[in-house]
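Below is protein.txt, holding compact mmCIF, C-alpha atoms.
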# COMPACT_ATOMS: atom_id res chain seq x y z
CA MET A 1 143.91 30.63 107.29
CA PRO A 2 142.03 33.56 105.69
CA ILE A 3 142.31 36.88 107.49
CA GLU A 4 138.63 37.00 108.42
CA LEU A 5 138.92 33.62 110.15
CA GLU A 6 141.99 34.67 112.14
CA GLU A 7 140.18 37.66 113.63
CA GLN A 8 138.53 35.69 116.44
CA GLU A 9 141.88 34.28 117.57
CA ALA A 10 143.52 37.72 117.29
CA ILE A 11 140.88 39.25 119.59
CA GLY A 12 141.59 36.51 122.12
CA ARG A 13 145.34 37.18 121.95
CA ARG A 14 144.79 40.92 122.48
CA ILE A 15 142.59 40.23 125.51
CA LYS A 16 145.27 37.95 126.97
CA ARG A 17 148.08 40.44 126.28
CA ARG A 18 146.11 43.28 127.89
CA ARG A 19 145.19 41.12 130.89
CA LEU A 20 148.80 40.06 131.47
CA SER A 21 150.09 43.63 131.10
CA LEU A 22 147.80 44.63 133.97
CA GLY A 23 148.65 41.59 136.06
CA ILE A 24 145.03 40.42 136.19
CA PRO A 25 144.52 36.65 136.72
CA GLN A 26 142.01 34.88 134.51
CA THR A 27 139.87 34.19 137.57
CA ASP A 28 139.63 37.91 138.39
CA LEU A 29 138.72 38.84 134.82
CA ALA A 30 136.13 36.06 134.81
CA ALA A 31 134.58 37.34 138.05
CA ALA A 32 134.47 40.89 136.67
CA VAL A 33 132.42 39.84 133.63
CA GLY A 34 130.32 37.18 135.35
CA LYS A 35 131.92 34.21 133.60
CA THR A 36 134.11 31.25 134.57
CA GLN A 37 137.89 31.03 134.32
CA GLY A 38 137.46 28.29 131.72
CA TRP A 39 135.31 30.59 129.60
CA ILE A 40 137.97 33.31 129.66
CA SER A 41 140.60 30.74 128.73
CA LYS A 42 138.58 29.68 125.69
CA VAL A 43 138.07 33.30 124.64
CA GLU A 44 141.80 33.98 124.83
CA LYS A 45 142.52 30.88 122.73
CA GLY A 46 140.01 32.00 120.10
CA HIS A 47 137.62 29.12 120.83
CA ILE A 48 134.67 31.35 121.77
CA GLU A 49 133.27 34.03 119.51
CA LEU A 50 132.29 37.30 121.19
CA ASP A 51 129.04 37.90 119.34
CA ARG A 52 127.44 40.32 121.81
CA SER A 53 128.43 43.96 122.16
CA SER A 54 127.77 43.76 125.89
CA LEU A 55 130.38 41.00 126.28
CA ILE A 56 133.02 42.95 124.37
CA ASP A 57 132.19 46.10 126.34
CA SER A 58 132.30 44.29 129.70
CA ILE A 59 135.67 42.69 129.00
CA ALA A 60 137.11 46.00 127.79
CA ALA A 61 135.82 47.78 130.91
CA ALA A 62 137.40 45.13 133.15
CA LEU A 63 140.68 45.59 131.25
CA HIS A 64 140.44 49.41 131.47
CA CYS A 65 140.54 50.00 127.72
CA HIS A 66 138.19 50.98 124.91
CA PRO A 67 136.44 48.05 123.17
CA ASN A 68 137.95 49.17 119.87
CA GLU A 69 141.42 48.32 121.21
CA LEU A 70 140.38 44.68 121.50
CA ILE A 71 138.55 44.37 118.18
CA VAL A 72 140.81 46.82 116.27
CA ARG A 73 138.28 49.25 114.91
CA PRO A 74 138.16 51.02 112.50
CA TYR A 75 138.57 47.89 110.42
CA ALA A 76 141.18 47.90 107.67
CA GLY A 77 139.83 48.25 104.14
CA THR A 78 140.93 49.35 100.71
CA ALA A 79 142.29 52.85 100.11
CA SER A 80 138.86 54.00 98.90
CA ASP A 81 137.18 52.38 101.91
CA ASN A 82 139.41 54.35 104.26
CA ARG A 83 138.85 57.78 102.68
CA TRP A 84 136.12 58.56 105.20
CA GLN A 85 138.85 59.10 107.80
CA GLU A 86 139.84 62.33 106.00
CA ALA A 87 136.34 63.68 106.60
CA ALA A 88 136.44 62.50 110.21
CA SER A 89 139.69 64.43 110.76
CA SER A 90 138.17 67.56 109.20
CA ILE A 91 135.14 67.28 111.47
CA LEU A 92 137.35 66.93 114.53
CA ARG A 93 139.23 70.10 113.56
CA GLU A 94 135.94 72.00 113.37
CA LEU A 95 134.70 70.59 116.67
CA ARG A 96 137.95 71.51 118.45
CA ARG A 97 137.75 75.15 117.36
CA TYR A 98 134.13 75.59 118.47
CA ASP A 99 134.98 78.70 120.54
CA LEU A 100 137.23 80.37 117.96
CA THR A 101 136.34 82.65 115.05
CA PRO A 102 134.53 80.59 112.38
CA ALA A 103 136.63 79.69 109.32
CA PHE A 104 133.85 80.42 106.84
CA GLU A 105 134.05 82.62 103.78
CA GLY A 106 131.01 84.51 102.57
CA GLN A 107 127.55 84.89 104.07
CA PRO A 108 126.02 81.85 105.80
CA ARG A 109 122.56 80.80 104.74
CA SER A 110 119.54 81.31 106.97
CA SER A 111 118.62 78.66 109.51
CA THR A 112 115.53 77.82 107.45
CA GLU A 113 117.73 76.94 104.48
CA MET A 114 120.18 75.00 106.61
CA TRP A 115 117.45 72.88 108.20
CA ILE A 116 116.78 71.55 104.70
CA ASP A 117 120.28 70.05 104.75
CA MET A 118 119.44 68.38 108.05
CA LYS A 119 116.55 66.60 106.31
CA ARG A 120 118.96 65.38 103.64
CA LEU A 121 121.35 64.07 106.29
CA HIS A 122 118.40 62.34 107.97
CA ARG A 123 117.70 60.49 104.73
CA LEU A 124 121.37 59.49 104.45
CA ARG A 125 121.30 58.27 108.03
CA ASP A 126 118.19 56.19 107.33
CA ALA A 127 120.05 54.62 104.41
CA ALA A 128 123.07 53.99 106.69
CA ALA A 129 125.20 56.01 104.25
CA ASN A 130 127.63 56.98 106.98
CA VAL A 131 130.55 57.87 104.72
CA SER A 132 128.40 60.34 102.78
CA ILE A 133 127.26 61.86 106.06
CA LEU A 134 130.81 62.46 107.25
CA ARG A 135 131.83 64.02 103.95
CA SER A 136 128.94 66.48 104.17
CA LEU A 137 129.55 67.61 107.74
CA PRO A 138 132.75 69.72 107.77
CA ASP A 139 131.21 72.49 105.65
CA LEU A 140 127.93 72.32 107.57
CA PHE A 141 129.70 72.69 110.92
CA ARG A 142 131.60 75.70 109.59
CA GLU A 143 128.45 77.33 108.25
CA ALA A 144 126.38 76.69 111.40
CA HIS A 145 129.23 78.10 113.48
CA ALA A 146 129.39 81.18 111.25
CA LEU A 147 125.61 81.68 111.43
CA ALA A 148 125.70 81.52 115.23
CA GLU A 149 128.51 84.08 115.29
CA ALA A 150 126.75 86.48 112.90
CA SER A 151 123.23 86.21 114.33
CA THR A 152 121.28 87.20 117.41
CA GLY A 153 118.11 86.08 119.11
CA HIS A 154 116.11 83.19 117.70
CA GLU A 155 118.27 82.87 114.58
CA ARG A 156 121.37 82.40 116.73
CA GLU A 157 119.60 79.76 118.78
CA GLU A 158 118.55 77.95 115.62
CA ALA A 159 122.16 77.97 114.42
CA PHE A 160 123.20 76.22 117.63
CA GLY A 161 120.35 73.76 117.16
CA ILE A 162 121.68 72.94 113.69
CA TYR A 163 125.19 72.59 115.09
CA ALA A 164 123.90 70.16 117.76
CA VAL A 165 122.07 68.03 115.18
CA CYS A 166 125.18 67.99 112.96
CA ALA A 167 127.09 66.68 115.99
CA LYS A 168 124.41 64.00 116.39
CA PHE A 169 124.90 62.87 112.78
CA ALA A 170 128.68 62.80 113.28
CA HIS A 171 128.18 60.77 116.44
CA THR A 172 125.99 58.16 114.70
CA ALA A 173 128.34 57.79 111.73
CA ALA A 174 131.42 57.60 113.96
CA HIS A 175 129.81 54.84 116.03
CA ALA A 176 129.00 52.89 112.88
CA LEU A 177 132.50 53.22 111.42
CA GLY A 178 134.44 52.84 114.66
CA HIS A 179 136.05 56.22 115.42
CA PRO A 180 135.98 56.64 119.24
CA GLU A 181 137.57 60.11 119.33
CA LEU A 182 134.95 61.51 116.98
CA VAL A 183 132.23 59.76 119.00
CA ALA A 184 133.36 61.39 122.25
CA THR A 185 134.01 64.86 120.81
CA SER A 186 130.71 64.92 118.89
CA CYS A 187 128.85 64.08 122.06
CA GLU A 188 130.56 66.87 124.00
CA ARG A 189 129.83 69.47 121.33
CA ALA A 190 126.22 68.32 120.99
CA SER A 191 125.72 68.93 124.72
CA TRP A 192 127.36 72.36 124.47
CA ALA A 193 125.33 73.48 121.44
CA ALA A 194 122.09 72.00 122.82
CA ARG A 195 122.30 74.27 125.87
CA LEU A 196 122.60 77.31 123.59
CA SER A 197 119.91 76.27 121.13
CA GLY A 198 116.90 77.61 123.01
CA ASP A 199 115.23 74.26 122.33
CA PRO A 200 114.09 72.82 125.69
CA LEU A 201 114.22 69.27 124.26
CA MET A 202 117.64 69.39 122.60
CA PRO A 203 119.65 68.71 125.82
CA ALA A 204 117.71 65.46 126.23
CA VAL A 205 118.76 64.43 122.74
CA ALA A 206 122.40 65.03 123.73
CA ASP A 207 121.84 62.88 126.82
CA TRP A 208 120.34 60.18 124.60
CA MET A 209 123.66 60.21 122.73
CA ARG A 210 125.65 60.00 125.98
CA VAL A 211 123.70 56.92 127.11
CA TRP A 212 124.93 55.15 123.97
CA ASP A 213 128.53 56.11 124.83
CA MET A 214 128.21 54.70 128.34
CA TRP A 215 127.54 51.27 126.87
CA ALA A 216 131.13 51.18 125.57
CA THR A 217 132.42 51.23 129.15
CA ALA A 218 129.74 48.83 130.43
CA ASP A 219 128.39 51.51 132.77
CA TRP A 220 124.86 50.16 132.65
CA ALA A 221 123.73 51.76 135.93
CA ASP A 222 125.05 55.18 134.90
CA ALA A 223 123.36 54.79 131.53
CA MET A 224 120.05 54.21 133.32
CA SER A 225 120.59 57.18 135.62
CA LEU A 226 121.39 59.48 132.70
CA ALA A 227 118.34 58.30 130.75
CA ASP A 228 116.16 58.98 133.79
CA LYS A 229 117.64 62.48 134.19
CA ALA A 230 116.80 63.26 130.58
CA LEU A 231 113.32 61.76 130.97
CA ARG A 232 112.60 64.00 133.96
CA ASN A 233 113.51 67.06 131.89
CA VAL A 234 111.30 65.94 129.01
CA GLU A 235 108.37 64.79 131.14
CA PRO A 236 106.44 68.11 131.36
CA HIS A 237 106.49 68.42 127.56
CA TYR A 238 105.59 64.73 127.19
CA GLU A 239 102.59 65.10 129.51
CA ALA A 240 101.50 68.21 127.61
CA GLY A 241 101.31 66.17 124.40
CA ASP A 242 104.27 67.73 122.55
CA GLN A 243 104.79 65.28 119.70
CA LEU A 244 108.55 65.82 119.49
CA ALA A 245 108.78 65.28 123.25
CA ILE A 246 106.81 62.03 122.91
CA ARG A 247 109.34 60.78 120.36
CA ILE A 248 112.28 61.73 122.58
CA TRP A 249 110.57 60.15 125.61
CA GLY A 250 110.03 56.89 123.73
CA SER A 251 113.57 56.87 122.35
CA LEU A 252 115.03 57.39 125.83
CA GLN A 253 112.91 54.56 127.21
CA LEU A 254 114.29 52.26 124.52
CA ARG A 255 117.84 53.27 125.46
CA ALA A 256 116.97 52.52 129.08
CA ALA A 257 115.47 49.14 128.13
CA VAL A 258 118.67 48.03 126.40
CA SER A 259 120.77 49.34 129.32
CA ALA A 260 118.67 47.32 131.78
CA ALA A 261 118.88 44.20 129.61
CA ARG A 262 122.68 44.45 129.46
CA ALA A 263 122.68 44.76 133.23
CA ARG A 264 120.66 41.51 133.31
CA ASN A 265 117.66 43.32 134.81
CA THR A 266 114.95 41.76 132.65
CA PRO A 267 111.93 43.09 134.62
CA GLU A 268 113.21 46.66 134.32
CA ALA A 269 113.91 46.20 130.61
CA GLU A 270 110.35 44.95 130.07
CA HIS A 271 108.98 47.89 132.07
CA ARG A 272 110.89 50.37 129.92
CA LEU A 273 109.65 48.67 126.76
CA SER A 274 106.07 49.01 128.01
CA LEU A 275 106.58 52.74 128.57
CA ALA A 276 108.02 53.05 125.06
CA ARG A 277 104.92 51.27 123.69
CA GLN A 278 102.73 53.83 125.40
CA ALA A 279 104.68 56.57 123.66
CA SER A 280 104.43 54.82 120.28
CA ASP A 281 100.65 54.52 120.74
CA ARG A 282 100.51 58.29 121.23
CA VAL A 283 102.60 58.80 118.09
CA ASP A 284 100.30 56.49 116.11
CA SER A 285 97.18 58.33 117.29
CA TYR A 286 98.48 61.75 116.20
CA SER A 287 96.41 63.23 113.36
CA GLY A 288 97.66 66.80 113.15
CA PRO A 289 99.88 68.50 110.57
CA GLU A 290 103.14 66.85 109.52
CA LEU A 291 105.93 67.60 111.96
CA MET A 292 109.49 68.53 111.19
CA ASP A 293 111.65 66.03 113.09
CA ARG A 294 114.26 68.62 114.00
CA HIS A 295 115.96 66.20 116.42
CA SER A 296 116.35 63.47 113.78
CA LEU A 297 115.00 60.70 116.00
CA THR A 298 113.18 57.82 114.34
CA PHE A 299 110.58 56.50 116.76
CA SER A 300 107.59 54.31 115.92
CA THR A 301 105.79 51.10 116.82
CA GLY A 302 108.20 49.22 114.57
CA ASN A 303 111.13 50.70 116.43
CA VAL A 304 109.72 49.46 119.73
CA LEU A 305 109.20 46.00 118.23
CA ILE A 306 112.78 45.58 117.06
CA HIS A 307 114.12 46.87 120.37
CA GLY A 308 112.02 44.23 122.12
CA ILE A 309 113.73 41.59 120.01
CA ASN A 310 117.14 43.09 120.78
CA VAL A 311 116.38 43.09 124.51
CA ALA A 312 115.46 39.39 124.33
CA LEU A 313 118.83 38.68 122.73
CA GLU A 314 120.69 40.80 125.27
CA VAL A 315 119.40 38.50 128.01
CA GLY A 316 120.24 35.41 125.90
CA ASP A 317 116.69 34.36 124.97
CA GLN A 318 116.72 33.68 121.24
CA VAL A 319 113.45 31.70 121.47
CA GLU A 320 111.65 34.79 122.74
CA ALA A 321 113.36 36.95 120.11
CA LEU A 322 112.13 34.69 117.31
CA ARG A 323 108.64 34.55 118.84
CA LEU A 324 108.46 38.34 118.95
CA ASP A 325 109.55 38.53 115.32
CA ARG A 326 106.81 36.10 114.25
CA LYS A 327 104.28 38.15 116.21
CA ALA A 328 105.36 41.51 114.73
CA LYS A 329 103.13 42.99 112.05
CA PRO A 330 105.05 43.30 108.75
CA GLN A 331 103.62 46.77 108.05
CA HIS A 332 105.21 48.11 111.23
CA LEU A 333 108.63 46.80 110.22
CA ALA A 334 108.34 47.76 106.55
CA VAL A 335 108.21 51.50 107.30
CA LEU A 336 111.46 51.44 109.27
CA PRO A 337 114.51 52.96 107.54
CA ASN A 338 117.17 50.65 106.13
CA SER A 339 119.54 51.40 108.99
CA ARG A 340 117.05 50.05 111.56
CA ARG A 341 115.93 47.15 109.40
CA GLY A 342 119.58 46.19 108.87
CA HIS A 343 120.12 46.07 112.64
CA HIS A 344 116.95 44.02 112.99
CA ARG A 345 118.08 41.47 110.41
CA LEU A 346 121.43 41.21 112.17
CA ASP A 347 119.61 40.44 115.42
CA LEU A 348 117.58 37.76 113.65
CA ALA A 349 120.77 36.26 112.23
CA ARG A 350 122.12 35.93 115.76
CA ALA A 351 118.85 34.48 117.03
CA TRP A 352 118.72 31.81 114.34
CA LEU A 353 122.39 30.97 114.81
CA TRP A 354 121.93 30.53 118.56
CA ASP A 355 118.88 28.40 117.77
CA GLY A 356 121.02 26.09 115.64
CA ASN A 357 119.80 27.13 112.19
CA ARG A 358 122.93 28.29 110.33
CA HIS A 359 121.19 28.39 106.95
CA ARG A 360 118.52 30.81 108.20
CA ALA A 361 121.15 32.82 110.09
CA LEU A 362 123.18 33.32 106.91
CA LYS A 363 120.04 34.29 105.00
CA GLU A 364 119.24 37.00 107.56
CA LEU A 365 122.83 38.23 107.59
CA ARG A 366 122.77 38.56 103.80
CA ALA A 367 119.49 40.49 104.04
CA ALA A 368 121.07 42.80 106.62
CA GLU A 369 124.04 43.47 104.35
CA GLN A 370 121.79 44.22 101.38
CA LEU A 371 119.77 46.70 103.42
CA ALA A 372 122.69 48.56 105.01
CA PRO A 373 126.03 47.39 103.57
CA GLN A 374 128.27 50.04 105.19
CA LEU A 375 126.68 49.51 108.57
CA ILE A 376 126.76 45.70 108.58
CA ARG A 377 130.23 45.24 107.10
CA ASN A 378 131.65 47.52 109.81
CA HIS A 379 129.61 46.08 112.67
CA PRO A 380 131.65 43.95 115.11
CA VAL A 381 128.69 41.72 115.96
CA ALA A 382 127.96 41.11 112.27
CA ARG A 383 131.57 40.12 111.68
CA ALA A 384 131.51 37.85 114.73
CA THR A 385 128.26 36.24 113.58
CA LEU A 386 129.67 35.56 110.13
CA ARG A 387 132.84 34.06 111.60
CA LYS A 388 130.74 31.82 113.83
CA ILE A 389 128.76 30.57 110.83
CA VAL A 390 131.94 29.94 108.82
CA TYR A 391 133.64 28.03 111.62
CA ALA A 392 130.53 25.93 112.24
CA GLU A 393 130.12 25.13 108.55
CA ARG A 394 133.78 24.24 108.23
CA ALA A 395 133.64 21.95 111.27
CA SER A 396 130.46 20.29 110.00
CA THR A 397 131.93 19.70 106.56
CA ARG A 398 135.14 18.36 108.07
CA GLU A 399 133.21 15.82 110.18
CA GLN A 400 131.15 14.70 107.20
CA LEU A 401 134.30 14.20 105.14
CA ARG A 402 136.03 12.42 108.00
CA GLY A 403 133.13 9.98 108.20
CA MET A 404 133.21 9.34 104.46
CA SER A 405 136.98 8.86 104.48
CA ASN A 406 136.64 6.28 107.23
CA ARG A 407 134.00 4.42 105.26
CA PHE A 408 136.22 4.58 102.17
CA HIS A 409 139.21 3.43 104.29
CA LEU A 410 141.36 6.36 103.18
CA ASP A 411 144.78 6.33 104.81
CA ASP A 412 145.56 10.08 104.69
CA GLN A 413 144.00 11.15 108.01
CA GLU A 414 146.47 14.07 108.25
CA LEU A 415 143.91 15.99 106.21
CA PHE A 416 141.71 16.31 109.30
CA ARG A 417 144.29 17.48 111.80
If you took the structure in this file and wrote it as structure tokens, what would it be?
Amino acid sequence: MPIELEEQEAIGRRIKRRRLSLGIPQTDLAAAVGKTQGWISKVEKGHIELDRSSLIDSIAAALHCHPNELIVRPYAGTASDNRWQEAASSILRELRRYDLTPAFEGQPRSSTEMWIDMKRLHRLRDAAANVSILRSLPDLFREAHALAEASTGHEREEAFGIYAVCAKFAHTAAHALGHPELVATSCERASWAARLSGDPLMPAVADWMRVWDMWATADWADAMSLADKALRNVEPHYEAGDQLAIRIWGSLQLRAAVSAARARNTPEAEHRLSLARQASDRVDSYSGPELMDRHSLTFSTGNVLIHGINVALEVGDQVEALRLDRKAKPQHLAVLPNSRRGHHRLDLARAWLWDGNRHRALKELRAAEQLAPQLIRNHPVARATLRKIVYAERASTREQLRGMSNRFHLDDQELFR
């Protein structure tokens, strides 16, 4: 059997091995994740595909391990595919020595010049070019650290703001490629630098990152509480009409909506989506000068739309997800960056697959890969969705051939065992 088709069964075996090592009965694991003992048994035998992040996260939390231990991320690739891990190690070294003398030769650039690099990283993030992001970051961390050490006043604060945003880019890329240590360390350093940045909104951005991390441990209630803490800190600036605060407010509400959906609290998820829509309306009505998105948060009406579709899938309603997609205005989706559109196409692939249309599901998965190849090829849900399509197609073809062989009175039925 090809390696990619064995992966589902291997995940099941790892779940079983971990469960047995902890002495947890199938019935207890089933109760912890809200499923039946029979469902757990099928998962462990590789008969059920885990095609929702919330399922993987919930099982991992019940087994007291990181989800990556069960799905073995980062995924193995060619030597060139794996070179990004060198950059990840270099970033970790810089993040660990945050309170030591900067290892930077020469004179660091001004914060104004360095913010230009943040715009470039934003474009790479929008293109889901996560490997390129990681390769750019070690030098930027060193330079931002050196600028903070050599400066005072506002310039020093700006250096810490740059450092925090660099940590945010590292965090996003590490999530996409599956490096949990870099995810955790980036989040810690973003929180540290945000407090020193002099930017009253930057700590909320760091909390927005932490909410994402809480999903990995299925701490949905804590994720909601943290989002609400950040929202309270942003609220005065949001009410005053600060456009950057409006974007952060909306982004936090979307994080809260997904958290509520994963907790199976559909009314709360819908409420959070409605609050995010209010924020997107305020963004759409803005007519002032172009803003510098110093926090690198993409928030728009299109972003709210695709999160609504994701929320519908999180609660298992593919019919509603497909309805929302038909209702969405193409112009709102077209302006989204490739990284977001790739995620959206992946969600549509899942929706169509759950709705029984494998052909349309594969079409959407191909579109997702074309939009954001690094992101989709390294996404556990994308891999699970593809495996599910392959298994279903193989089973369908096998049954068609079995029927034909019976009609042809072929004797070699061993072919179908």
**Request:** Give me the residues within 8 Å of range 243-260 of chain A as a ChimeraX atom specification, counting all atoms listed in the file and dropping any in the same chain fewer than 4 places off.
**Result:** /A:201,204-205,208,211-212,215,220-221,223-224,227,230-231,234-235,237-238,264-266,268-273,275-277,279-280,282-283,293,297-299,304,307,310-311,314
**Asked** What does the distance between CA of His145 in chain A and CA of Pro102 in chain A come to in Å, to one decimal place?
**Response** 6.0 Å
**Request:** Find the spatial neighbours of Asp284 in chain A, counting all atoms listed in the file, within a cut-off of 10 Å - ignore same-chain residues fewer than 5 positions away - and output them as a ChimeraX atom specification.
**Result:** /A:278-279,300-301
**Prompt:** When you draw a straight line from CA of Asn82 in chain A to CA of Trp115 in chain A, how long is it in Å?
**Reply:**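 Value for the CA of Asn82 in chain A-CA of Trp115 in chain A distance: 29.0 Å.
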**Prompt:** If you count all atoms listed in the file, which residues fall within 8 Å of range 74-80 of chain A, apart from same-chain ones fewer than 2 positions away, as a ChimeraX atom specification?
**Reply:** /A:68,72,82-83,177-179,378
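Distances here use only C-alpha atoms; by that measure, the residue among A:Asp126, A:Asp219, A:Glu155, A:Glu94 closest to Ala60 in chain A is A:Asp219.
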